[in-house]
Amino acid sequence: MVVDDEYILISSGGISQGSLSGRRNTELAVGAWQPLHTQDNLEDKPHPQGKVHQFRLSLWAEHTGTSNPSFRRPHRIGCVREMNKIANENWKLYISDNSPTTSHLIKYPLAIQQSGQVVSRNDAKFLPDTKARTLGRQMRFPAEKLTS
């Protein structure tokens with residue numbers, strides 16, 4: 001997880017019973033922070049540009065298949081629009097018959113209505129090639145164990 005261009009956390013921990021209980025799996029986490037490259041020590045730079053920043057840019061280039069100048073300022077709407085554009089293009093390729101996606105970024109096929117309700121997108125009630133609903137379904141009873 002890249003928190004911002006000042007701090008990064010790399011971890012093996014997952015969202016599973018084994019990781020969360022603390023009794024079955026051993027997890028490792030490493031955090032990195034560069035005190036000379038923080039918002040408080042910017043001098044004439046508009047944002048932190050240390051190794052954490054460079055790592056994020058490299059990671060985003062790997063997952064998006066491009067190195068867009070808007071990625072330098074992730075808090076700006078241009079960056080958000082570019083990420084959404086890439087994710088939507090990949091989704092269209094993913095649901096098409098035989099076109100491979102151009103990168104790893106894909107938008108999960110859910111939509112948020114004006115009321116805040118989460119719904120399946122019209123183009124994807126099910127994940128491609130499966131009968132798995134994108135939204136899932138409500139369980140009648142809570143499961144004893146969600147994961148093993």
# chains A, B, ... in the order shown; residues from 1 in each chain; ligands from 1

$ residues_around --residues "A:Ser70" --least-positions-apart "3" --cutoff "7 Å" --atoms "only C-alpha atoms" --output "NGL selection string"
:A and (73 or 78-79)

$ residues_around --residues "A:Arg72" --least-positions-apart "5" --cutoff "12 Å" --atoms "only C-alpha atoms" --output "PDB file with all heavy atoms, in the first residue's frame"
ATOM      1  N   ASP A   4       0.912   7.651   0.528  1.00  0.00           N
ATOM      2  CA  ASP A   4       1.093   8.863  -0.261  1.00  0.00           C
ATOM      3  C   ASP A   4       2.533   8.822  -0.740  1.00  0.00           C
ATOM      4  O   ASP A   4       3.179   7.791  -0.645  1.00  0.00           O
ATOM      5  CB  ASP A   4       0.769  10.121   0.558  1.00  0.00           C
ATOM      6  CG  ASP A   4       1.520  10.178   1.875  1.00  0.00           C
ATOM      7  OD1 ASP A   4       2.622   9.589   1.974  1.00  0.00           O
ATOM      8  OD2 ASP A   4       1.011  10.797   2.814  1.00  0.00           O
ATOM      9  N   ASP A   5       3.052   9.889  -1.264  1.00  0.00           N
ATOM     10  CA  ASP A   5       4.434   9.853  -1.745  1.00  0.00           C
ATOM     11  C   ASP A   5       5.446  10.034  -0.627  1.00  0.00           C
ATOM     12  O   ASP A   5       6.631  10.212  -0.867  1.00  0.00           O
ATOM     13  CB  ASP A   5       4.637  10.900  -2.840  1.00  0.00           C
ATOM     14  CG  ASP A   5       4.022  10.457  -4.154  1.00  0.00           C
ATOM     15  OD1 ASP A   5       3.638   9.276  -4.263  1.00  0.00           O
ATOM     16  OD2 ASP A   5       3.924  11.274  -5.071  1.00  0.00           O
ATOM     17  N   LYS A  45       9.658  22.362  -4.393  1.00  0.00           N
ATOM     18  CA  LYS A  45       8.977  21.297  -5.125  1.00  0.00           C
ATOM     19  C   LYS A  45       7.491  21.284  -4.769  1.00  0.00           C
ATOM     20  O   LYS A  45       7.122  21.521  -3.630  1.00  0.00           O
ATOM     21  CB  LYS A  45       9.603  19.942  -4.789  1.00  0.00           C
ATOM     22  CG  LYS A  45      11.054  19.833  -5.199  1.00  0.00           C
ATOM     23  CD  LYS A  45      11.623  18.521  -4.711  1.00  0.00           C
ATOM     24  CE  LYS A  45      13.131  18.568  -4.789  1.00  0.00           C
ATOM     25  NZ  LYS A  45      13.764  17.690  -3.848  1.00  0.00           N
ATOM     26  N   PRO A  46       6.619  20.953  -5.729  1.00  0.00           N
ATOM     27  CA  PRO A  46       5.175  20.941  -5.452  1.00  0.00           C
ATOM     28  C   PRO A  46       4.699  19.739  -4.638  1.00  0.00           C
ATOM     29  O   PRO A  46       3.640  19.779  -4.049  1.00  0.00           O
ATOM     30  CB  PRO A  46       4.544  20.931  -6.833  1.00  0.00           C
ATOM     31  CG  PRO A  46       5.581  20.347  -7.724  1.00  0.00           C
ATOM     32  CD  PRO A  46       6.923  20.694  -7.127  1.00  0.00           C
ATOM     33  N   HIS A  47       5.475  18.654  -4.594  1.00  0.00           N
ATOM     34  CA  HIS A  47       5.102  17.458  -3.847  1.00  0.00           C
ATOM     35  C   HIS A  47       6.349  16.613  -3.600  1.00  0.00           C
ATOM     36  O   HIS A  47       7.360  16.791  -4.275  1.00  0.00           O
ATOM     37  CB  HIS A  47       4.040  16.658  -4.595  1.00  0.00           C
ATOM     38  CG  HIS A  47       4.442  16.265  -5.982  1.00  0.00           C
ATOM     39  ND1 HIS A  47       4.366  17.136  -7.044  1.00  0.00           N
ATOM     40  CD2 HIS A  47       4.955  15.115  -6.480  1.00  0.00           C
ATOM     41  CE1 HIS A  47       4.811  16.532  -8.137  1.00  0.00           C
ATOM     42  NE2 HIS A  47       5.168  15.313  -7.830  1.00  0.00           N
ATOM     43  N   PRO A  48       6.311  15.689  -2.636  1.00  0.00           N
ATOM     44  CA  PRO A  48       7.469  14.848  -2.338  1.00  0.00           C
ATOM     45  C   PRO A  48       7.941  14.074  -3.576  1.00  0.00           C
ATOM     46  O   PRO A  48       7.125  13.572  -4.344  1.00  0.00           O
ATOM     47  CB  PRO A  48       6.962  13.887  -1.272  1.00  0.00           C
ATOM     48  CG  PRO A  48       5.817  14.584  -0.646  1.00  0.00           C
ATOM     49  CD  PRO A  48       5.189  15.396  -1.744  1.00  0.00           C
ATOM     50  N   GLN A  49       9.261  13.998  -3.760  1.00  0.00           N
ATOM     51  CA  GLN A  49       9.800  13.320  -4.939  1.00  0.00           C
ATOM     52  C   GLN A  49      10.956  12.381  -4.591  1.00  0.00           C
ATOM     53  O   GLN A  49      11.901  12.236  -5.354  1.00  0.00           O
ATOM     54  CB  GLN A  49      10.257  14.352  -5.977  1.00  0.00           C
ATOM     55  CG  GLN A  49       9.115  15.178  -6.505  1.00  0.00           C
ATOM     56  CD  GLN A  49       9.547  16.183  -7.547  1.00  0.00           C
ATOM     57  OE1 GLN A  49      10.648  16.135  -8.058  1.00  0.00           O
ATOM     58  NE2 GLN A  49       8.663  17.100  -7.868  1.00  0.00           N
ATOM     59  N   GLY A  50      10.865  11.737  -3.449  1.00  0.00           N
ATOM     60  CA  GLY A  50      11.912  10.802  -3.030  1.00  0.00           C
ATOM     61  C   GLY A  50      11.706   9.427  -3.631  1.00  0.00           C
ATOM     62  O   GLY A  50      10.982   9.238  -4.619  1.00  0.00           O
ATOM     63  N   HIS A  53       8.062   8.097  -3.772  1.00  0.00           N
ATOM     64  CA  HIS A  53       7.382   8.675  -4.942  1.00  0.00           C
ATOM     65  C   HIS A  53       7.787   7.910  -6.207  1.00  0.00           C
ATOM     66  O   HIS A  53       6.932   7.535  -7.015  1.00  0.00           O
ATOM     67  CB  HIS A  53       7.755  10.158  -5.044  1.00  0.00           C
ATOM     68  CG  HIS A  53       7.401  10.808  -6.336  1.00  0.00           C
ATOM     69  ND1 HIS A  53       6.125  11.207  -6.641  1.00  0.00           N
ATOM     70  CD2 HIS A  53       8.178  11.148  -7.405  1.00  0.00           C
ATOM     71  CE1 HIS A  53       6.123  11.763  -7.849  1.00  0.00           C
ATOM     72  NE2 HIS A  53       7.351  11.735  -8.323  1.00  0.00           N
ATOM     73  N   GLN A  54       9.069   7.667  -6.376  1.00  0.00           N
ATOM     74  CA  GLN A  54       9.555   6.949  -7.555  1.00  0.00           C
ATOM     75  C   GLN A  54       9.027   5.516  -7.590  1.00  0.00           C
ATOM     76  O   GLN A  54       8.678   5.004  -8.654  1.00  0.00           O
ATOM     77  CB  GLN A  54      11.084   6.949  -7.579  1.00  0.00           C
ATOM     78  CG  GLN A  54      11.665   8.321  -7.829  1.00  0.00           C
ATOM     79  CD  GLN A  54      13.182   8.335  -7.656  1.00  0.00           C
ATOM     80  OE1 GLN A  54      13.827   7.295  -7.568  1.00  0.00           O
ATOM     81  NE2 GLN A  54      13.744   9.525  -7.600  1.00  0.00           N
ATOM     82  N   PHE A  55       8.954   4.877  -6.418  1.00  0.00           N
ATOM     83  CA  PHE A  55       8.411   3.525  -6.349  1.00  0.00           C
ATOM     84  C   PHE A  55       6.951   3.515  -6.788  1.00  0.00           C
ATOM     85  O   PHE A  55       6.527   2.646  -7.552  1.00  0.00           O
ATOM     86  CB  PHE A  55       8.543   2.950  -4.935  1.00  0.00           C
ATOM     87  CG  PHE A  55       7.984   1.556  -4.809  1.00  0.00           C
ATOM     88  CD1 PHE A  55       8.746   0.458  -5.181  1.00  0.00           C
ATOM     89  CD2 PHE A  55       6.706   1.355  -4.336  1.00  0.00           C
ATOM     90  CE1 PHE A  55       8.239  -0.828  -5.086  1.00  0.00           C
ATOM     91  CE2 PHE A  55       6.178   0.074  -4.230  1.00  0.00           C
ATOM     92  CZ  PHE A  55       6.954  -1.020  -4.609  1.00  0.00           C
ATOM     93  N   ARG A  56       6.171   4.484  -6.302  1.00  0.00           N
ATOM     94  CA  ARG A  56       4.752   4.549  -6.696  1.00  0.00           C
ATOM     95  C   ARG A  56       4.624   4.730  -8.199  1.00  0.00           C
ATOM     96  O   ARG A  56       3.828   4.053  -8.858  1.00  0.00           O
ATOM     97  CB  ARG A  56       4.021   5.684  -5.971  1.00  0.00           C
ATOM     98  CG  ARG A  56       2.541   5.760  -6.385  1.00  0.00           C
ATOM     99  CD  ARG A  56       1.817   6.943  -5.794  1.00  0.00           C
ATOM    100  NE  ARG A  56       2.380   8.212  -6.150  1.00  0.00           N
ATOM    101  CZ  ARG A  56       2.193   8.832  -7.334  1.00  0.00           C
ATOM    102  NH1 ARG A  56       1.479   8.260  -8.283  1.00  0.00           N
ATOM    103  NH2 ARG A  56       2.722  10.022  -7.555  1.00  0.00           N
ATOM    104  N   LEU A  57       5.406   5.638  -8.773  1.00  0.00           N
ATOM    105  CA  LEU A  57       5.336   5.860 -10.222  1.00  0.00           C
ATOM    106  C   LEU A  57       5.703   4.587 -10.987  1.00  0.00           C
ATOM    107  O   LEU A  57       5.058   4.246 -11.988  1.00  0.00           O
ATOM    108  CB  LEU A  57       6.247   7.008 -10.629  1.00  0.00           C
ATOM    109  CG  LEU A  57       5.792   8.400 -10.197  1.00  0.00           C
ATOM    110  CD1 LEU A  57       6.822   9.449 -10.611  1.00  0.00           C
ATOM    111  CD2 LEU A  57       4.430   8.745 -10.767  1.00  0.00           C
ATOM    112  N   SER A  58       6.721   3.873 -10.517  1.00  0.00           N
ATOM    113  CA  SER A  58       7.131   2.625 -11.160  1.00  0.00           C
ATOM    114  C   SER A  58       6.031   1.565 -11.043  1.00  0.00           C
ATOM    115  O   SER A  58       5.723   0.861 -12.014  1.00  0.00           O
ATOM    116  CB  SER A  58       8.417   2.123 -10.510  1.00  0.00           C
ATOM    117  OG  SER A  58       8.776   0.869 -11.009  1.00  0.00           O
ATOM    118  N   TRP A  60       2.796   2.108 -10.622  1.00  0.00           N
ATOM    119  CA  TRP A  60       1.669   2.502 -11.469  1.00  0.00           C
ATOM    120  C   TRP A  60       1.970   2.246 -12.938  1.00  0.00           C
ATOM    121  O   TRP A  60       1.096   1.826 -13.692  1.00  0.00           O
ATOM    122  CB  TRP A  60       1.318   3.969 -11.236  1.00  0.00           C
ATOM    123  CG  TRP A  60       0.547   4.210  -9.974  1.00  0.00           C
ATOM    124  CD1 TRP A  60       0.439   3.386  -8.892  1.00  0.00           C
ATOM    125  CD2 TRP A  60      -0.227   5.356  -9.663  1.00  0.00           C
ATOM    126  NE1 TRP A  60      -0.349   3.959  -7.931  1.00  0.00           N
ATOM    127  CE2 TRP A  60      -0.772   5.176  -8.376  1.00  0.00           C
ATOM    128  CE3 TRP A  60      -0.491   6.543 -10.332  1.00  0.00           C
ATOM    129  CZ2 TRP A  60      -1.573   6.118  -7.760  1.00  0.00           C
ATOM    130  CZ3 TRP A  60      -1.297   7.489  -9.712  1.00  0.00           C
ATOM    131  CH2 TRP A  60      -1.843   7.273  -8.443  1.00  0.00           C
ATOM    132  N   ALA A  61       3.195   2.503 -13.375  1.00  0.00           N
ATOM    133  CA  ALA A  61       3.570   2.233 -14.768  1.00  0.00           C
ATOM    134  C   ALA A  61       3.437   0.742 -15.065  1.00  0.00           C
ATOM    135  O   ALA A  61       2.949   0.348 -16.126  1.00  0.00           O
ATOM    136  CB  ALA A  61       4.988   2.719 -15.044  1.00  0.00           C
ATOM    137  N   SER A  67       3.342   5.415 -18.605  1.00  0.00           N
ATOM    138  CA  SER A  67       3.911   6.362 -17.648  1.00  0.00           C
ATOM    139  C   SER A  67       3.361   7.741 -17.996  1.00  0.00           C
ATOM    140  O   SER A  67       3.988   8.507 -18.711  1.00  0.00           O
ATOM    141  CB  SER A  67       5.438   6.347 -17.739  1.00  0.00           C
ATOM    142  OG  SER A  67       5.985   7.211 -16.789  1.00  0.00           O
ATOM    143  N   ILE A  77      -7.612  15.774 -10.451  1.00  0.00           N
ATOM    144  CA  ILE A  77      -8.689  15.093 -11.182  1.00  0.00           C
ATOM    145  C   ILE A  77      -8.204  14.505 -12.498  1.00  0.00           C
ATOM    146  O   ILE A  77      -8.707  13.477 -12.948  1.00  0.00           O
ATOM    147  CB  ILE A  77      -9.902  16.041 -11.392  1.00  0.00           C
ATOM    148  CG1 ILE A  77     -11.131  15.269 -11.866  1.00  0.00           C
ATOM    149  CG2 ILE A  77      -9.550  17.163 -12.356  1.00  0.00           C
ATOM    150  CD1 ILE A  77     -11.677  14.316 -10.838  1.00  0.00           C
ATOM    151  N   GLY A  78      -7.192  15.100 -13.120  1.00  0.00           N
ATOM    152  CA  GLY A  78      -6.663  14.555 -14.369  1.00  0.00           C
ATOM    153  C   GLY A  78      -6.107  13.158 -14.195  1.00  0.00           C
ATOM    154  O   GLY A  78      -6.269  12.288 -15.059  1.00  0.00           O
ATOM    155  N   CYS A  79      -5.456  12.917 -13.078  1.00  0.00           N
ATOM    156  CA  CYS A  79      -4.917  11.594 -12.773  1.00  0.00           C
ATOM    157  C   CYS A  79      -6.055  10.599 -12.547  1.00  0.00           C
ATOM    158  O   CYS A  79      -6.025   9.487 -13.066  1.00  0.00           O
ATOM    159  CB  CYS A  79      -4.015  11.658 -11.546  1.00  0.00           C
ATOM    160  SG  CYS A  79      -3.329  10.051 -11.087  1.00  0.00           S
ATOM    161  N   VAL A  80      -7.051  11.017 -11.796  1.00  0.00           N
ATOM    162  CA  VAL A  80      -8.206  10.142 -11.524  1.00  0.00           C
ATOM    163  C   VAL A  80      -8.896   9.774 -12.835  1.00  0.00           C
ATOM    164  O   VAL A  80      -9.225   8.605 -13.073  1.00  0.00           O
ATOM    165  CB  VAL A  80      -9.192  10.835 -10.559  1.00  0.00           C
ATOM    166  CG1 VAL A  80     -10.451  10.006 -10.382  1.00  0.00           C
ATOM    167  CG2 VAL A  80      -8.524  11.103  -9.218  1.00  0.00           C
ATOM    168  N   GLU A  82      -7.579   9.709 -15.862  1.00  0.00           N
ATOM    169  CA  GLU A  82      -6.714   8.833 -16.654  1.00  0.00           C
ATOM    170  C   GLU A  82      -6.765   7.397 -16.129  1.00  0.00           C
ATOM    171  O   GLU A  82      -6.849   6.448 -16.908  1.00  0.00           O
ATOM    172  CB  GLU A  82      -5.275   9.347 -16.640  1.00  0.00           C
ATOM    173  CG  GLU A  82      -4.329   8.573 -17.504  1.00  0.00           C
ATOM    174  CD  GLU A  82      -4.666   8.588 -18.989  1.00  0.00           C
ATOM    175  OE1 GLU A  82      -5.314   9.540 -19.466  1.00  0.00           O
ATOM    176  OE2 GLU A  82      -4.277   7.632 -19.687  1.00  0.00           O
TER     177      GLU A  82
END

$ select_by_dssp --residues "stretch 4-146 of chain A" --states "strand (DSSP E)" --output "JSON list (two decimals) with N, CA, C and O atoms, in the first residue's frame"
[["chain", "number", "residue", "atom", "x", "y", "z"],
["A", 7, "TYR", "N", 5.07, 7.86, 2.44],
["A", 7, "TYR", "CA", 5.10, 6.62, 3.23],
["A", 7, "TYR", "C", 4.58, 5.45, 2.39],
["A", 7, "TYR", "O", 3.62, 5.60, 1.65],
["A", 8, "ILE", "N", 5.21, 4.31, 2.56],
["A", 8, "ILE", "CA", 4.77, 3.09, 1.87],
["A", 8, "ILE", "C", 4.79, 1.94, 2.87],
["A", 8, "ILE", "O", 5.64, 1.89, 3.76],
["A", 9, "LEU", "N", 3.84, 1.03, 2.73],
["A", 9, "LEU", "CA", 3.77, -0.17, 3.56],
["A", 9, "LEU", "C", 3.67, -1.37, 2.64],
["A", 9, "LEU", "O", 2.75, -1.44, 1.81],
["A", 10, "ILE", "N", 4.61, -2.29, 2.74],
["A", 10, "ILE", "CA", 4.61, -3.51, 1.95],
["A", 10, "ILE", "C", 4.39, -4.66, 2.92],
["A", 10, "ILE", "O", 5.12, -4.79, 3.90],
["A", 11, "SER", "N", 3.38, -5.48, 2.65],
["A", 11, "SER", "CA", 3.01, -6.50, 3.62],
["A", 11, "SER", "C", 2.59, -7.79, 2.95],
["A", 11, "SER", "O", 2.05, -7.77, 1.85],
["A", 29, "ALA", "N", 5.54, -7.18, 7.58],
["A", 29, "ALA", "CA", 5.25, -5.86, 7.02],
["A", 29, "ALA", "C", 6.50, -4.99, 7.14],
["A", 29, "ALA", "O", 7.21, -5.04, 8.15],
["A", 30, "VAL", "N", 6.76, -4.23, 6.09],
["A", 30, "VAL", "CA", 7.88, -3.30, 6.08],
["A", 30, "VAL", "C", 7.34, -1.94, 5.67],
["A", 30, "VAL", "O", 6.64, -1.82, 4.66],
["A", 31, "GLY", "N", 7.66, -0.93, 6.45],
["A", 31, "GLY", "CA", 7.25, 0.43, 6.13],
["A", 31, "GLY", "C", 8.47, 1.27, 5.76],
["A", 31, "GLY", "O", 9.57, 1.02, 6.27],
["A", 32, "ALA", "N", 8.29, 2.22, 4.88],
["A", 32, "ALA", "CA", 9.39, 3.11, 4.50],
["A", 32, "ALA", "C", 8.89, 4.55, 4.53],
["A", 32, "ALA", "O", 7.80, 4.86, 4.05],
["A", 33, "TRP", "N", 9.74, 5.41, 5.10],
["A", 33, "TRP", "CA", 9.42, 6.83, 5.21],
["A", 33, "TRP", "C", 10.71, 7.59, 5.03],
["A", 33, "TRP", "O", 11.75, 7.20, 5.57],
["A", 110, "LEU", "N", -18.90, -2.60, -10.74],
["A", 110, "LEU", "CA", -19.96, -2.11, -9.87],
["A", 110, "LEU", "C", -20.17, -0.64, -10.15],
["A", 110, "LEU", "O", -19.28, 0.06, -10.61],
["A", 111, "ALA", "N", -21.35, -0.16, -9.83],
["A", 111, "ALA", "CA", -21.67, 1.26, -9.98],
["A", 111, "ALA", "C", -22.25, 1.77, -8.67],
["A", 111, "ALA", "O", -22.87, 1.01, -7.92],
["A", 112, "ILE", "N", -22.01, 3.02, -8.39],
["A", 112, "ILE", "CA", -22.56, 3.66, -7.19],
["A", 112, "ILE", "C", -23.64, 4.62, -7.66],
["A", 112, "ILE", "O", -23.38, 5.55, -8.43],
["A", 118, "VAL", "N", -24.84, 0.53, -3.91],
["A", 118, "VAL", "CA", -23.92, -0.17, -4.80],
["A", 118, "VAL", "C", -24.72, -1.18, -5.62],
["A", 118, "VAL", "O", -25.47, -1.98, -5.06],
["A", 119, "VAL", "N", -24.58, -1.12, -6.95],
["A", 119, "VAL", "CA", -25.32, -2.01, -7.85],
["A", 119, "VAL", "C", -24.36, -2.56, -8.91],
["A", 119, "VAL", "O", -23.29, -2.01, -9.15],
["A", 120, "SER", "N", -24.77, -3.66, -9.55],
["A", 120, "SER", "CA", -24.00, -4.19, -10.68],
["A", 120, "SER", "C", -24.14, -3.24, -11.86],
["A", 120, "SER", "O", -25.20, -2.65, -12.08]]

$ closest_residue --among "A:Pro128, A:Pro100, A:Leu36, A:Ile106" --to "A:Asn88" --atoms "only C-alpha atoms"
A:Ile106

$ residues_around --residues "A:Tyr94" --least-positions-apart "4" --cutoff "12 Å" --atoms "only C-alpha atoms" --output "PyMOL selection string"
chain A and resi 87-90+98-109+123-124+127-129

$ select_by_dssp --residues "stretch 1-125 of chain A" --states "alpha helix (DSSP H)" --output "PyMOL selection string"
chain A and resi 17-21+51-64+77-95

$ atom_distance --atom1 "atom CA of A:Asn122" --atom2 "atom CA of A:Ser96"
14.9 Å
